[in-house]
file start24.txt (compact mmCIF, C-alpha atoms and all ligand atoms)
# COMPACT_ATOMS: atom_id res chain seq x y z
CA MET A 1 46.06 -30.60 63.41
CA ASN A 2 47.00 -27.34 65.08
CA GLU A 3 45.02 -26.02 68.07
CA PRO A 4 41.83 -24.18 67.17
CA VAL A 5 42.26 -20.48 67.78
CA LYS A 6 38.55 -19.80 67.77
CA THR A 7 35.23 -21.22 66.74
CA ARG A 8 33.25 -20.27 63.69
CA ARG A 9 29.47 -20.02 63.57
CA VAL A 10 28.14 -21.98 60.61
CA SER A 11 24.59 -22.08 59.21
CA ILE A 12 23.60 -25.37 57.68
CA TRP A 13 20.40 -26.15 55.82
CA ARG A 14 18.46 -28.86 57.65
CA GLY A 15 15.29 -30.47 56.45
CA GLU A 16 13.70 -33.06 54.24
CA GLY A 17 12.37 -32.42 50.75
CA GLU A 18 11.06 -28.94 50.19
CA THR A 19 10.78 -27.96 53.85
CA GLY A 20 13.64 -26.96 56.08
CA GLN A 21 15.53 -24.11 57.68
CA PHE A 22 19.05 -23.00 58.47
CA GLU A 23 20.44 -24.14 61.81
CA THR A 24 23.60 -22.78 63.37
CA TYR A 25 26.54 -24.70 64.80
CA ASP A 26 29.78 -23.57 66.43
CA VAL A 27 32.67 -25.37 64.80
CA PRO A 28 36.37 -25.09 65.73
CA ALA A 29 38.17 -22.96 63.15
CA TYR A 30 41.52 -24.24 61.85
CA ASP A 31 43.91 -22.94 59.26
CA ASN A 32 43.64 -24.84 55.99
CA GLN A 33 40.15 -26.12 56.78
CA THR A 34 37.87 -27.00 53.89
CA VAL A 35 34.11 -26.50 53.82
CA LEU A 36 33.75 -30.28 53.72
CA ASP A 37 35.87 -30.51 56.91
CA VAL A 38 33.36 -28.21 58.61
CA VAL A 39 30.38 -30.29 57.49
CA SER A 40 32.15 -33.51 58.54
CA HIS A 41 32.99 -32.03 61.95
CA ILE A 42 29.33 -31.30 62.60
CA GLN A 43 28.30 -34.78 61.56
CA HIS A 44 31.10 -36.48 63.56
CA TYR A 45 30.95 -34.44 66.77
CA ILE A 46 27.73 -32.44 67.00
CA ASP A 47 24.85 -34.05 65.13
CA PRO A 48 25.34 -37.47 63.50
CA SER A 49 21.99 -37.18 61.74
CA LEU A 50 23.33 -34.56 59.31
CA SER A 51 23.14 -35.90 55.74
CA TYR A 52 25.59 -34.90 53.05
CA ARG A 53 27.54 -36.55 50.28
CA PHE A 54 31.22 -36.96 49.51
CA ALA A 55 33.63 -39.68 48.49
CA CYS A 56 37.14 -38.83 47.33
CA ARG A 57 37.95 -35.62 49.24
CA VAL A 58 40.42 -34.66 46.53
CA GLY A 59 38.30 -33.15 43.77
CA MET A 60 37.94 -36.29 41.67
CA CYS A 61 34.51 -37.78 42.28
CA GLY A 62 32.31 -34.69 42.01
CA SER A 63 29.93 -35.73 44.78
CA CYS A 64 30.55 -33.04 47.42
CA ALA A 65 29.18 -29.92 45.70
CA MET A 66 27.02 -27.58 47.79
CA MET A 67 26.00 -23.93 47.90
CA VAL A 68 28.53 -22.07 50.03
CA ASN A 69 27.48 -18.53 50.90
CA GLY A 70 25.13 -18.66 47.93
CA GLU A 71 27.69 -19.88 45.40
CA PRO A 72 28.05 -23.44 44.07
CA ARG A 73 31.37 -25.01 45.06
CA TRP A 74 33.14 -28.36 45.38
CA THR A 75 33.40 -28.34 49.16
CA CYS A 76 36.37 -30.71 49.49
CA ARG A 77 38.62 -28.28 47.60
CA THR A 78 37.14 -25.05 48.94
CA HIS A 79 39.08 -23.47 51.78
CA VAL A 80 36.87 -21.87 54.41
CA ASN A 81 39.25 -18.91 54.73
CA LYS A 82 38.85 -18.12 51.04
CA VAL A 83 35.04 -18.01 51.07
CA ALA A 84 33.96 -16.99 54.57
CA GLY A 85 34.26 -13.23 54.47
CA GLN A 86 33.48 -11.71 57.89
CA ASP A 87 33.25 -15.18 59.36
CA VAL A 88 29.89 -15.90 57.75
CA LEU A 89 29.60 -19.43 56.48
CA GLU A 90 26.27 -20.63 55.12
CA ILE A 91 26.09 -24.07 53.58
CA ALA A 92 23.03 -25.22 51.64
CA PRO A 93 22.21 -28.03 49.23
CA LEU A 94 23.06 -27.55 45.58
CA ARG A 95 20.65 -25.24 43.76
CA ASN A 96 18.32 -26.40 40.95
CA LEU A 97 18.06 -29.97 42.26
CA PRO A 98 15.44 -31.51 44.57
CA VAL A 99 16.65 -31.94 48.14
CA ILE A 100 16.54 -35.41 49.65
CA LYS A 101 17.66 -34.41 53.13
CA ASP A 102 19.85 -31.64 54.55
CA LEU A 103 22.77 -31.15 52.15
CA ALA A 104 22.12 -34.18 49.95
CA THR A 105 20.30 -33.52 46.69
CA ASN A 106 18.72 -35.94 44.27
CA MET A 107 21.04 -35.86 41.25
CA ASP A 108 18.66 -37.91 39.04
CA PRO A 109 17.33 -34.96 36.99
CA PHE A 110 20.92 -33.89 36.30
CA PHE A 111 22.00 -37.31 35.04
CA ASP A 112 18.72 -38.02 33.24
CA LYS A 113 19.46 -34.96 31.13
CA TRP A 114 22.84 -36.39 30.06
CA VAL A 115 20.91 -39.27 28.52
CA LYS A 116 18.27 -36.92 27.06
CA ALA A 117 21.05 -34.87 25.43
CA GLU A 118 22.36 -38.13 23.87
CA ALA A 119 25.54 -37.46 25.81
CA VAL A 120 26.20 -41.19 25.70
CA HIS A 121 28.60 -43.12 23.50
CA HIS A 122 27.16 -44.27 20.17
CA SER A 123 29.53 -46.99 19.12
CA SER A 124 30.93 -46.97 15.61
CA ALA A 125 32.81 -50.25 15.70
CA SER A 126 32.56 -53.69 17.25
CA ARG A 127 35.23 -55.27 19.41
CA ASP A 128 36.31 -57.40 16.45
CA GLU A 129 37.34 -54.43 14.38
CA GLU A 130 40.70 -52.67 14.42
CA MET A 131 40.99 -49.94 17.01
CA MET A 132 40.63 -46.48 15.50
CA VAL A 133 43.72 -44.30 15.59
CA VAL A 134 42.92 -40.95 17.24
CA LEU A 135 45.66 -38.34 17.00
CA PRO A 136 45.82 -36.04 20.04
CA ASP A 137 46.63 -32.93 18.02
CA ASP A 138 43.81 -33.41 15.55
CA ALA A 139 41.61 -30.25 15.57
CA GLU A 140 38.41 -32.19 16.23
CA ARG A 141 40.04 -34.19 19.01
CA LYS A 142 41.19 -31.00 20.70
CA LYS A 143 37.57 -29.81 20.79
CA ALA A 144 36.54 -33.11 22.35
CA ASP A 145 39.40 -33.01 24.85
CA ALA A 146 38.45 -29.52 26.06
CA GLY A 147 35.52 -30.89 28.06
CA ILE A 148 36.75 -34.37 28.88
CA GLU A 149 37.75 -33.64 32.51
CA CYS A 150 34.17 -33.08 33.66
CA ILE A 151 33.64 -34.76 37.05
CA ASN A 152 29.80 -34.52 36.94
CA CYS A 153 29.71 -32.36 40.05
CA ALA A 154 26.68 -30.29 38.90
CA VAL A 155 28.28 -27.05 40.09
CA CYS A 156 27.62 -25.54 36.64
CA TYR A 157 24.05 -26.85 36.74
CA ALA A 158 23.49 -25.11 40.07
CA ALA A 159 25.00 -21.87 38.75
CA CYS A 160 22.80 -21.77 35.65
CA ASP A 161 19.83 -19.39 35.76
CA THR A 162 18.41 -20.91 32.60
CA VAL A 163 18.10 -24.26 34.39
CA ALA A 164 16.39 -22.39 37.25
CA GLY A 165 13.90 -20.84 34.85
CA ASN A 166 13.25 -23.80 32.55
CA ALA A 167 13.01 -27.25 34.11
CA ASP A 168 13.47 -28.87 30.70
CA TYR A 169 16.75 -27.13 29.88
CA LEU A 170 19.40 -29.82 29.51
CA GLY A 171 21.99 -27.69 31.28
CA PRO A 172 25.66 -26.94 30.76
CA ALA A 173 27.23 -30.27 31.77
CA ALA A 174 25.01 -32.51 29.62
CA LEU A 175 25.35 -30.18 26.63
CA GLN A 176 29.10 -30.01 27.07
CA ARG A 177 29.36 -33.80 27.07
CA ALA A 178 27.13 -33.94 23.99
CA TRP A 179 29.58 -31.54 22.29
CA THR A 180 32.53 -33.68 23.40
CA LEU A 181 30.97 -36.77 21.84
CA TYR A 182 29.94 -34.84 18.74
CA ASN A 183 33.64 -34.16 18.19
CA ASP A 184 34.75 -37.68 19.07
CA ALA A 185 35.78 -39.50 15.89
CA ARG A 186 34.69 -42.81 17.45
CA ASP A 187 31.12 -41.67 18.06
CA ALA A 188 28.63 -42.69 15.37
CA GLY A 189 25.71 -40.63 16.69
CA LYS A 190 26.42 -37.10 15.44
CA GLN A 191 22.98 -36.61 13.88
CA THR A 192 21.26 -38.13 16.94
CA ILE A 193 23.17 -35.71 19.17
CA LEU A 194 22.25 -32.68 17.06
CA GLU A 195 18.58 -33.69 17.11
CA ALA A 196 18.66 -34.18 20.89
CA VAL A 197 20.30 -30.84 21.66
CA SER A 198 18.24 -28.68 19.30
CA GLY A 199 14.81 -29.28 20.85
CA ALA A 200 12.79 -27.21 23.32
CA GLY A 201 15.19 -27.74 26.22
CA GLY A 202 18.26 -27.63 24.02
CA CYS A 203 21.36 -25.53 23.51
CA HIS A 204 19.56 -22.51 22.03
CA ASN A 205 18.09 -21.71 25.47
CA CYS A 206 21.52 -20.72 26.76
CA HIS A 207 21.82 -16.99 27.44
CA ALA A 208 25.63 -17.07 27.48
CA GLN A 209 25.83 -15.52 30.95
CA GLY A 210 28.69 -17.88 31.62
CA GLY A 211 27.85 -18.80 35.21
CA CYS A 212 28.73 -22.38 34.29
CA SER A 213 32.21 -21.50 33.05
CA HIS A 214 32.78 -19.07 35.92
CA TYR A 215 32.11 -21.70 38.58
CA CYS A 216 33.31 -24.96 36.99
CA PRO A 217 35.91 -26.14 39.51
CA ASN A 218 37.87 -27.87 36.76
CA GLU A 219 38.01 -24.66 34.75
CA LEU A 220 36.09 -26.17 31.87
CA ASN A 221 34.05 -23.95 29.57
CA PRO A 222 30.54 -25.34 28.96
CA MET A 223 29.51 -21.96 27.52
CA GLN A 224 32.04 -22.45 24.72
CA ALA A 225 30.84 -26.02 24.12
CA ILE A 226 27.24 -24.77 23.90
CA ALA A 227 28.27 -22.07 21.40
CA GLY A 228 29.79 -24.92 19.36
CA LEU A 229 26.50 -26.82 19.48
CA LYS A 230 24.55 -23.71 18.48
CA GLN A 231 26.73 -23.37 15.39
CA ALA A 232 26.63 -27.06 14.53
CA THR A 233 22.84 -27.28 14.87
CA THR A 234 22.34 -24.12 12.82
CA ARG A 235 24.65 -25.40 10.08
CA ALA A 236 22.74 -28.68 10.03
CA MET A 237 19.44 -26.79 9.82
CA LEU A 238 20.64 -24.69 6.90
CA LYS A 239 21.67 -27.86 5.10
CA GLY A 240 18.19 -29.25 5.69
CA LYS A 241 19.41 -31.95 8.06
CA LEU A 242 17.47 -30.76 11.08
CA MET B 1 20.46 -6.97 45.45
CA ILE B 2 22.34 -9.26 43.09
CA ARG B 3 22.49 -12.80 44.48
CA PRO B 4 25.99 -14.19 45.12
CA HIS B 5 26.04 -16.69 42.24
CA ARG B 6 25.35 -13.83 39.81
CA ARG B 7 28.17 -11.56 40.93
CA HIS B 8 30.51 -12.18 38.00
CA PRO B 9 31.42 -9.98 35.02
CA LEU B 10 29.44 -11.78 32.32
CA PHE B 11 26.26 -11.73 34.39
CA LEU B 12 26.67 -7.99 34.83
CA ALA B 13 27.18 -7.70 31.06
CA PHE B 14 23.95 -9.70 30.59
CA LEU B 15 22.11 -7.43 33.03
CA LEU B 16 23.33 -4.30 31.29
CA HIS B 17 22.34 -5.69 27.89
CA ARG B 18 18.81 -6.57 29.02
CA THR B 19 18.25 -3.35 30.98
CA SER B 20 19.49 -1.17 28.13
CA GLY B 21 17.22 -3.11 25.74
CA ILE B 22 14.15 -2.55 27.93
CA LEU B 23 14.92 1.15 28.42
CA LEU B 24 15.46 1.62 24.67
CA ALA B 25 12.17 -0.14 23.96
CA LEU B 26 10.43 2.24 26.36
CA PHE B 27 12.14 5.22 24.74
CA LEU B 28 11.21 4.38 21.14
CA PRO B 29 7.43 5.09 21.34
CA VAL B 30 8.16 8.49 22.92
CA HIS B 31 10.73 9.15 20.22
CA PHE B 32 8.25 8.38 17.43
CA TRP B 33 5.51 10.38 19.14
CA VAL B 34 7.77 13.46 19.28
CA LEU B 35 8.73 12.98 15.64
CA SER B 36 5.05 12.75 14.72
CA LEU B 37 4.52 16.17 16.31
CA ALA B 38 6.57 17.66 13.46
CA LEU B 39 3.72 16.69 11.16
CA THR B 40 0.73 17.21 13.41
CA ASP B 41 1.58 20.09 15.73
CA ALA B 42 4.54 22.27 14.69
CA ALA B 43 4.23 24.62 17.68
CA ALA B 44 4.38 21.77 20.18
CA PHE B 45 7.32 20.33 18.27
CA ASP B 46 9.22 23.63 18.45
CA GLY B 47 8.45 23.81 22.16
CA PHE B 48 9.91 20.35 22.59
CA ILE B 49 13.05 21.26 20.65
CA ARG B 50 13.57 24.23 23.01
CA PHE B 51 13.09 21.87 25.95
CA THR B 52 15.93 19.69 24.63
CA ASP B 53 18.28 22.67 24.97
CA LEU B 54 18.22 22.28 28.75
CA ALA B 55 21.51 20.87 30.09
CA VAL B 56 19.70 18.15 32.03
CA VAL B 57 18.01 16.97 28.82
CA LYS B 58 21.40 16.94 27.05
CA LEU B 59 22.68 14.76 29.87
CA ALA B 60 19.72 12.42 29.44
CA GLU B 61 20.51 12.27 25.72
CA GLY B 62 24.09 11.34 26.55
CA LEU B 63 22.73 8.54 28.73
CA LEU B 64 20.48 7.45 25.88
CA ILE B 65 23.46 7.28 23.54
CA PHE B 66 25.26 5.20 26.17
CA LEU B 67 22.30 2.77 26.34
CA LEU B 68 22.21 2.51 22.58
CA ALA B 69 25.96 2.01 22.25
CA VAL B 70 26.19 -0.52 25.07
CA HIS B 71 23.28 -2.46 23.58
CA ILE B 72 24.88 -2.49 20.13
CA PHE B 73 28.43 -3.37 21.22
CA GLY B 74 27.21 -5.87 23.82
CA GLY B 75 24.97 -7.43 21.18
CA LEU B 76 27.84 -7.65 18.71
CA ARG B 77 29.92 -9.42 21.36
CA LEU B 78 27.15 -11.96 21.91
CA MET B 79 26.67 -12.52 18.20
CA ALA B 80 30.42 -13.01 17.76
CA LEU B 81 30.44 -15.41 20.72
CA GLU B 82 27.71 -17.50 19.17
CA TRP B 83 28.61 -17.38 15.48
CA LEU B 84 32.33 -16.72 15.08
CA PRO B 85 35.25 -18.94 16.09
CA TRP B 86 35.61 -18.86 19.87
CA THR B 87 37.48 -16.04 21.59
CA ALA B 88 38.56 -16.78 25.14
CA MET B 89 38.60 -13.20 26.38
CA GLN B 90 34.85 -12.72 26.87
CA LYS B 91 35.21 -10.72 30.09
CA GLN B 92 37.69 -8.36 28.47
CA LEU B 93 35.47 -8.01 25.40
CA ALA B 94 32.47 -7.19 27.59
CA ALA B 95 34.53 -4.60 29.47
CA GLY B 96 35.76 -3.24 26.12
CA ALA B 97 32.16 -2.88 24.89
CA ILE B 98 31.32 -0.83 27.98
CA ALA B 99 34.44 1.31 27.65
CA LEU B 100 33.71 1.97 23.99
CA SER B 101 30.13 2.95 24.87
CA CYS B 102 31.38 5.36 27.53
CA PHE B 103 33.71 6.88 24.96
CA VAL B 104 30.99 7.24 22.32
CA SER B 105 28.42 8.75 24.71
CA ALA B 106 30.97 11.10 26.33
CA THR B 107 32.07 12.32 22.88
CA PHE B 108 28.43 12.93 21.96
CA PHE B 109 27.78 14.78 25.21
CA LEU B 110 30.84 17.03 24.80
CA GLN B 111 29.71 17.96 21.31
CA VAL B 112 26.15 18.92 22.22
CA ILE B 113 26.74 20.65 25.54
S1 LIG C 301 26.20 -19.90 29.78
FE1 LIG C 301 24.33 -21.02 29.27
S2 LIG C 301 24.59 -23.03 30.24
FE2 LIG C 301 26.12 -21.64 31.13
S3 LIG C 301 25.13 -20.90 33.01
FE3 LIG C 301 24.67 -19.43 31.37
S4 LIG C 301 22.69 -20.07 30.47
FE4 LIG C 301 23.51 -21.77 31.73
S1 LIG C 302 31.36 -28.97 33.60
FE1 LIG C 302 32.55 -28.47 35.42
S2 LIG C 302 31.03 -27.74 36.90
FE2 LIG C 302 29.92 -28.81 35.31
S3 LIG C 302 29.67 -30.89 36.06
FE3 LIG C 302 31.53 -30.85 34.80
S4 LIG C 302 33.19 -30.46 36.22
FE4 LIG C 302 31.31 -29.93 37.28
S1 LIG C 303 34.61 -35.37 47.64
FE1 LIG C 303 35.11 -35.97 45.61
S2 LIG C 303 35.13 -34.10 44.54
FE2 LIG C 303 34.82 -33.47 46.59

call {"tool": "encode", "arguments": {"input": "start24.txt", "output": "structure tokens"}}
result
Amino acid sequence: MNEPVKTRRVSIWRGEGETGQFETYDVPAYDNQTVLDVVSHIQHYIDPSLSYRFACRVGMCGSCAMMVNGEPRWTCRTHVNKVAGQDVLEIAPLRNLPVIKDLATNMDPFFDKWVKAEAVHHSSASRDEEMMVVLPDDAERKKADAGIECINCAVCYAACDTVAGNADYLGPAALQRAWTLYNDARDAGKQTILEAVSGAGGCHNCHAQGGCSHYCPNELNPMQAIAGLKQATTRAMLKGKL
Amino acid sequence: MIRPHRRHPLFLAFLLHRTSGILLALFLPVHFWVLSLALTDAAAFDGFIRFTDLAVVKLAEGLLIFLLAVHIFGGLRLMALEWLPWTAMQKQLAAGAIALSCFVSATFFLQVI
């Protein structure tokens, strides 16, 4: 690593559960430094009690998301130079999720909602049956493929004001996965999915502000998936199936 | 102050849609009350019509037309987003709705001034 030219003052949220405050640290500033590098530096060299979460460091696992200067980001792929205007760097736990300690949130509500949205595989065949042929350029398959690269990072969930205002709202990631499975020819639970996503916390809560699609680090478009669910549920209702 | 996670074009479109809706809702009762004057108090109604000749009132009317247009075009964009096949260019459509509203309200203003 090249020599640090200067240090950067960083505010980090410290605390357990609902109580806490920002504390400042002076961290050496390097070129090509990621936000996760900064957090790791503090934990390695300044205060080993700092809690945070990461695994892959390359944007695959989706565990390192935090609020950086008020915006949700995957910290391992976020360059400090790109986000720290005027040298301000404030790192907080992901929004809309309960904090366990410091920068680590409890992701349970986020994942529980995937199950609530029936964003789980409903098998249509047993292992003894022939494998289904799925053509990649089939129109339905393309709709399913659009959301398949979700890494469950909850960045979209943290960006969503509807989640902030309605604790029951299933949120963009769970709804997007439900839409993916709805379009998956191998999934036998289409009706179950439509019932799950059309309830009180379902897709019709979405205000189409598009925070989810704006911030998704994988450039997915949950807002589009939710629009798909809105149409599918309405069609089902008009046919008397919901 | 708009919080950082809301500083993106579609949130601003959302904000404009909601604000214009609220302002229009506040305007409507006044609008109906003035119309009712035509039936109940002709003199007061005439007085009000003269008041609307003031340039500043014309400007306010132009603003009102902008609110109405931006609410209609923004609403059409949202309805298309939800019920028509998906269009990827939502930011451009939102910007287009605002541009069209500016055009409509400016045209109105130039005609009445
Ligand atoms: S578009 Fe819908 S799901 Fe996405 S952030 Fe906005 S309200 Fe949430
Ligand atoms: S949709 Fe995007 S932002 Fe949301 S969890 Fe998946 S990868 Fe993360
Ligand atoms: S550490 Fe895995 S996505 Fe950032």

call {"tool": "axis_aligned_box", "arguments": {"input": "start24.txt", "around": "region 47-63 of chain B", "padding_each_side": "4 Å", "output": "lines of an AutoDock Vina configuration file"}}
result
center_x = 16.3
center_y = 16.4
center_z = 26.3
size_x = 23.6
size_y = 23.7
size_z = 19.4

call {"tool": "interface_residues", "arguments": {"input": "start24.txt", "of": "chain B", "to": "chain A", "cutoff": "6 Å", "atoms": "only C-alpha atoms", "output": "list in words"}}
result
Pro4, His5, Leu10, Phe11 and Glu82 of chain B

call {"tool": "closest_atom_pairs", "arguments": {"input": "start24.txt", "of": "chain A", "to": "ligand LIG 302 (chain C)", "cutoff": "9 Å", "atoms": "only C-alpha atoms and all ligand atoms", "output": "JSON lines"}}
result
{"residue": "A:Gly62", "atom": "CA", "partner": "C:LIG302", "partner_atom": "FE4", "distance": 6.8}
{"residue": "A:Ala65", "atom": "CA", "partner": "C:LIG302", "partner_atom": "FE4", "distance": 8.7}
{"residue": "A:Pro72", "atom": "CA", "partner": "C:LIG302", "partner_atom": "S2", "distance": 8.9}
{"residue": "A:Arg73", "atom": "CA", "partner": "C:LIG302", "partner_atom": "S2", "distance": 8.6}
{"residue": "A:Trp74", "atom": "CA", "partner": "C:LIG302", "partner_atom": "FE4", "distance": 8.5}
{"residue": "A:Gly147", "atom": "CA", "partner": "C:LIG302", "partner_atom": "S1", "distance": 7.2}
{"residue": "A:Ile148", "atom": "CA", "partner": "C:LIG302", "partner_atom": "FE3", "distance": 8.6}
{"residue": "A:Glu149", "atom": "CA", "partner": "C:LIG302", "partner_atom": "S4", "distance": 6.7}
{"residue": "A:Cys150", "atom": "CA", "partner": "C:LIG302", "partner_atom": "FE3", "distance": 3.6}
{"residue": "A:Ile151", "atom": "CA", "partner": "C:LIG302", "partner_atom": "S4", "distance": 4.4}
{"residue": "A:Asn152", "atom": "CA", "partner": "C:LIG302", "partner_atom": "S3", "distance": 3.7}
{"residue": "A:Cys153", "atom": "CA", "partner": "C:LIG302", "partner_atom": "FE4", "distance": 4.0}
{"residue": "A:Ala154", "atom": "CA", "partner": "C:LIG302", "partner_atom": "S3", "distance": 4.2}
{"residue": "A:Val155", "atom": "CA", "partner": "C:LIG302", "partner_atom": "S2", "distance": 4.3}
{"residue": "A:Cys156", "atom": "CA", "partner": "C:LIG302", "partner_atom": "S2", "distance": 4.1}
{"residue": "A:Tyr157", "atom": "CA", "partner": "C:LIG302", "partner_atom": "FE2", "distance": 6.4}
{"residue": "A:Ala158", "atom": "CA", "partner": "C:LIG302", "partner_atom": "S2", "distance": 8.6}
{"residue": "A:Ala159", "atom": "CA", "partner": "C:LIG302", "partner_atom": "S2", "distance": 8.6}
{"residue": "A:Gly171", "atom": "CA", "partner": "C:LIG302", "partner_atom": "FE2", "distance": 9.0}
{"residue": "A:Pro172", "atom": "CA", "partner": "C:LIG302", "partner_atom": "FE2", "distance": 6.5}
{"residue": "A:Ala173", "atom": "CA", "partner": "C:LIG302", "partner_atom": "FE2", "distance": 4.7}
{"residue": "A:Ala174", "atom": "CA", "partner": "C:LIG302", "partner_atom": "S3", "distance": 8.1}
{"residue": "A:Gln176", "atom": "CA", "partner": "C:LIG302", "partner_atom": "S1", "distance": 7.0}
{"residue": "A:Arg177", "atom": "CA", "partner": "C:LIG302", "partner_atom": "S1", "distance": 8.4}
{"residue": "A:Cys212", "atom": "CA", "partner": "C:LIG302", "partner_atom": "S2", "distance": 6.4}
{"residue": "A:Ser213", "atom": "CA", "partner": "C:LIG302", "partner_atom": "FE1", "distance": 7.4}
{"residue": "A:His214", "atom": "CA", "partner": "C:LIG302", "partner_atom": "S2", "distance": 8.9}
{"residue": "A:Tyr215", "atom": "CA", "partner": "C:LIG302", "partner_atom": "S2", "distance": 6.4}
{"residue": "A:Cys216", "atom": "CA", "partner": "C:LIG302", "partner_atom": "S2", "distance": 3.6}
{"residue": "A:Pro217", "atom": "CA", "partner": "C:LIG302", "partner_atom": "S2", "distance": 5.8}
{"residue": "A:Asn218", "atom": "CA", "partner": "C:LIG302", "partner_atom": "S4", "distance": 5.4}
{"residue": "A:Glu219", "atom": "CA", "partner": "C:LIG302", "partner_atom": "FE1", "distance": 6.7}
{"residue": "A:Leu220", "atom": "CA", "partner": "C:LIG302", "partner_atom": "FE1", "distance": 5.5}
{"residue": "A:Asn221", "atom": "CA", "partner": "C:LIG302", "partner_atom": "S1", "distance": 7.0}
{"residue": "A:Pro222", "atom": "CA", "partner": "C:LIG302", "partner_atom": "S1", "distance": 5.9}

call {"tool": "residues_near_ligand", "arguments": {"input": "start24.txt", "ligand": "ligand LIG 303 (chain C)", "cutoff": "9 Å", "atoms": "all atoms listed in the file", "output": "NGL selection string"}}
result
:A and (36 or 53-65 or 74-77 or 151 or 153)

call {"tool": "residues_around", "arguments": {"input": "start24.txt", "residues": "Val38 (chain A)", "least_positions_apart": "2", "cutoff": "12 Å", "atoms": "all atoms listed in the file", "output": "PDB file with C-alpha atoms, in the coordinates of the input"}}
result
ATOM      1  CA  THR A   7      35.230 -21.220  66.740  1.00  0.00           C
ATOM      2  CA  ARG A   8      33.250 -20.270  63.690  1.00  0.00           C
ATOM      3  CA  ARG A   9      29.470 -20.020  63.570  1.00  0.00           C
ATOM      4  CA  VAL A  10      28.140 -21.980  60.610  1.00  0.00           C
ATOM      5  CA  SER A  11      24.590 -22.080  59.210  1.00  0.00           C
ATOM      6  CA  ILE A  12      23.600 -25.370  57.680  1.00  0.00           C
ATOM      7  CA  TYR A  25      26.540 -24.700  64.800  1.00  0.00           C
ATOM      8  CA  ASP A  26      29.780 -23.570  66.430  1.00  0.00           C
ATOM      9  CA  VAL A  27      32.670 -25.370  64.800  1.00  0.00           C
ATOM     10  CA  PRO A  28      36.370 -25.090  65.730  1.00  0.00           C
ATOM     11  CA  ALA A  29      38.170 -22.960  63.150  1.00  0.00           C
ATOM     12  CA  TYR A  30      41.520 -24.240  61.850  1.00  0.00           C
ATOM     13  CA  ASP A  31      43.910 -22.940  59.260  1.00  0.00           C
ATOM     14  CA  ASN A  32      43.640 -24.840  55.990  1.00  0.00           C
ATOM     15  CA  GLN A  33      40.150 -26.120  56.780  1.00  0.00           C
ATOM     16  CA  THR A  34      37.870 -27.000  53.890  1.00  0.00           C
ATOM     17  CA  VAL A  35      34.110 -26.500  53.820  1.00  0.00           C
ATOM     18  CA  LEU A  36      33.750 -30.280  53.720  1.00  0.00           C
ATOM     19  CA  SER A  40      32.150 -33.510  58.540  1.00  0.00           C
ATOM     20  CA  HIS A  41      32.990 -32.030  61.950  1.00  0.00           C
ATOM     21  CA  ILE A  42      29.330 -31.300  62.600  1.00  0.00           C
ATOM     22  CA  GLN A  43      28.300 -34.780  61.560  1.00  0.00           C
ATOM     23  CA  HIS A  44      31.100 -36.480  63.560  1.00  0.00           C
ATOM     24  CA  TYR A  45      30.950 -34.440  66.770  1.00  0.00           C
ATOM     25  CA  ILE A  46      27.730 -32.440  67.000  1.00  0.00           C
ATOM     26  CA  LEU A  50      23.330 -34.560  59.310  1.00  0.00           C
ATOM     27  CA  TYR A  52      25.590 -34.900  53.050  1.00  0.00           C
ATOM     28  CA  VAL A  68      28.530 -22.070  50.030  1.00  0.00           C
ATOM     29  CA  THR A  75      33.400 -28.340  49.160  1.00  0.00           C
ATOM     30  CA  CYS A  76      36.370 -30.710  49.490  1.00  0.00           C
ATOM     31  CA  THR A  78      37.140 -25.050  48.940  1.00  0.00           C
ATOM     32  CA  HIS A  79      39.080 -23.470  51.780  1.00  0.00           C
ATOM     33  CA  VAL A  80      36.870 -21.870  54.410  1.00  0.00           C
ATOM     34  CA  ASN A  81      39.250 -18.910  54.730  1.00  0.00           C
ATOM     35  CA  ALA A  84      33.960 -16.990  54.570  1.00  0.00           C
ATOM     36  CA  LEU A  89      29.600 -19.430  56.480  1.00  0.00           C
ATOM     37  CA  GLU A  90      26.270 -20.630  55.120  1.00  0.00           C
ATOM     38  CA  ILE A  91      26.090 -24.070  53.580  1.00  0.00           C
TER      39      ILE A  91
END

call {"tool": "closest_residue", "arguments": {"input": "start24.txt", "among": "A:Ala92, A:Cys206, A:Val134, A:Ala178", "to": "ligand LIG 301 (chain C)", "atoms": "only C-alpha atoms and all ligand atoms"}}
result
A:Cys206

call {"tool": "residues_around", "arguments": {"input": "start24.txt", "residues": "Asp145 (chain A)", "least_positions_apart": "5", "cutoff": "10 Å", "atoms": "all atoms listed in the file", "output": "NGL selection string"}}
result
:A and (136-137 or 139-140 or 180-181 or 183-184)

call {"tool": "atom_distance", "arguments": {"input": "start24.txt", "atom1": "CA of Leu238 (chain A)", "atom2": "CA of Met79 (chain B)"}}
result
17.7 Å

call {"tool": "atom_distance", "arguments": {"input": "start24.txt", "atom1": "CA of Leu28 (chain B)", "atom2": "CA of Cys102 (chain B)"}}
result
21.2 Å

call {"tool": "closest_residue", "arguments": {"input": "start24.txt", "among": "B:Phe73, B:Phe14, B:Phe103, B:Phe66", "to": "ligand LIG 301 (chain C)", "atoms": "only C-alpha atoms and all ligand atoms"}}
result
B:Phe14

call {"tool": "closest_residue", "arguments": {"input": "start24.txt", "among": "A:Ile100, A:Ala200, A:Leu170, A:Val88", "to": "ligand LIG 301 (chain C)", "atoms": "all atoms listed in the file"}}
result
A:Leu170

call {"tool": "closest_residue", "arguments": {"input": "start24.txt", "among": "B:Leu39, B:Ile2, B:Leu81, B:Pro29", "to": "ligand LIG 301 (chain C)", "atoms": "all atoms listed in the file"}}
result
B:Leu81

call {"tool": "residues_around", "arguments": {"input": "start24.txt", "residues": "Ser123 (chain A)", "least_positions_apart": "4", "cutoff": "12 Å", "atoms": "all atoms listed in the file", "output": "ChimeraX atom specification"}}
result
/A:127,129,132,181,184-190
